[in-house]
Amino acid sequence: MMQRFAWLALAGTLWVSPATAQTSFTPREESPEEFAAGAGRNEAFYACTACHGFRLVAQQGMTRAQWEDSINLMVRRHNMPPLDDKDREVVLSYLETAYPPRAPAGRGGWVNPFAK
């Protein structure tokens with residue numbers, strides 16, 4: 001009987017482990033200083049790295065409207081806490097300046113999947 005209980009406890013642990021692993025997110029070691037300098041860098045860095053690495057952000061190139069759409073999507077669909085008006089302005093201004101749209105590379109080159 002004790003052996004059966006031990007097996008059930010182990011099975012329960014294995015059953016819970018995948019769900020637990022999915023809910024605990026640890027961002028990669030990054031610091032704001034690794035990214036484009038500018039007003040709002042720290043605010044943008046910390047607002048974004050609550051959920052994902054900032055390298056993902058730095059790889060994008062979008063207009064202010066596209067950055068705003070992206071933030072709205074994350075708030076609506078991914079439970080990002082909404083930024084207050086002041087912080088939103090600071091973050092959007094930084095992203096617009098530091099990571100503007102890039103001209104697509106030649107045929108078969110990089111194209112931002114989030115650009116409209």
# chains A, B, ... in the order shown; residues from 1 in each chain; ligands from 1
>>> residues_around(residues="Val90 of chain A", least_positions_apart="5", cutoff="9 Å", atoms="only C-alpha atoms", output="list in words")
Ala39, Gly40, Arg41, Glu43, Ala44, Asp85 and Leu95 of chain A
>>> residues_around(residues="Gly38 of chain A", least_positions_apart="3", cutoff="10 Å", atoms="only C-alpha atoms", output="list in words")
Phe35, Arg41, Asn42, Ser93, Tyr94, Leu95, Thr97 and Ala98 of chain A
>>> write_last_selection(atoms="C-alpha atoms", output="JSON list (two decimals), in the first residue's frame")
[["chain", "number", "residue", "atom", "x", "y", "z"],
["A", 35, "PHE", "CA", 20.14, 48.70, -25.68],
["A", 41, "ARG", "CA", 15.06, 53.37, -22.04],
["A", 42, "ASN", "CA", 14.76, 52.16, -18.44],
["A", 93, "SER", "CA", 8.46, 57.84, -27.42],
["A", 94, "TYR", "CA", 11.50, 55.69, -26.63],
["A", 95, "LEU", "CA", 10.37, 52.79, -28.84],
["A", 97, "THR", "CA", 12.88, 56.79, -31.56],
["A", 98, "ALA", "CA", 15.11, 53.83, -30.72]]
>>> atom_distance(atom1="atom CA of Pro100 of chain A", atom2="atom CA of Thr63 of chain A")
5.8 Å
>>> atom_distance(atom1="atom CA of Val91 of chain A", atom2="atom CA of Ser70 of chain A")
12.1 Å
>>> residues_around(residues="Ala47 of chain A", least_positions_apart="2", cutoff="10 Å", atoms="only C-alpha atoms", output="VMD selection string")
chain A and resid 41 to 45 49 to 52 54 80 to 83 87 to 88 91
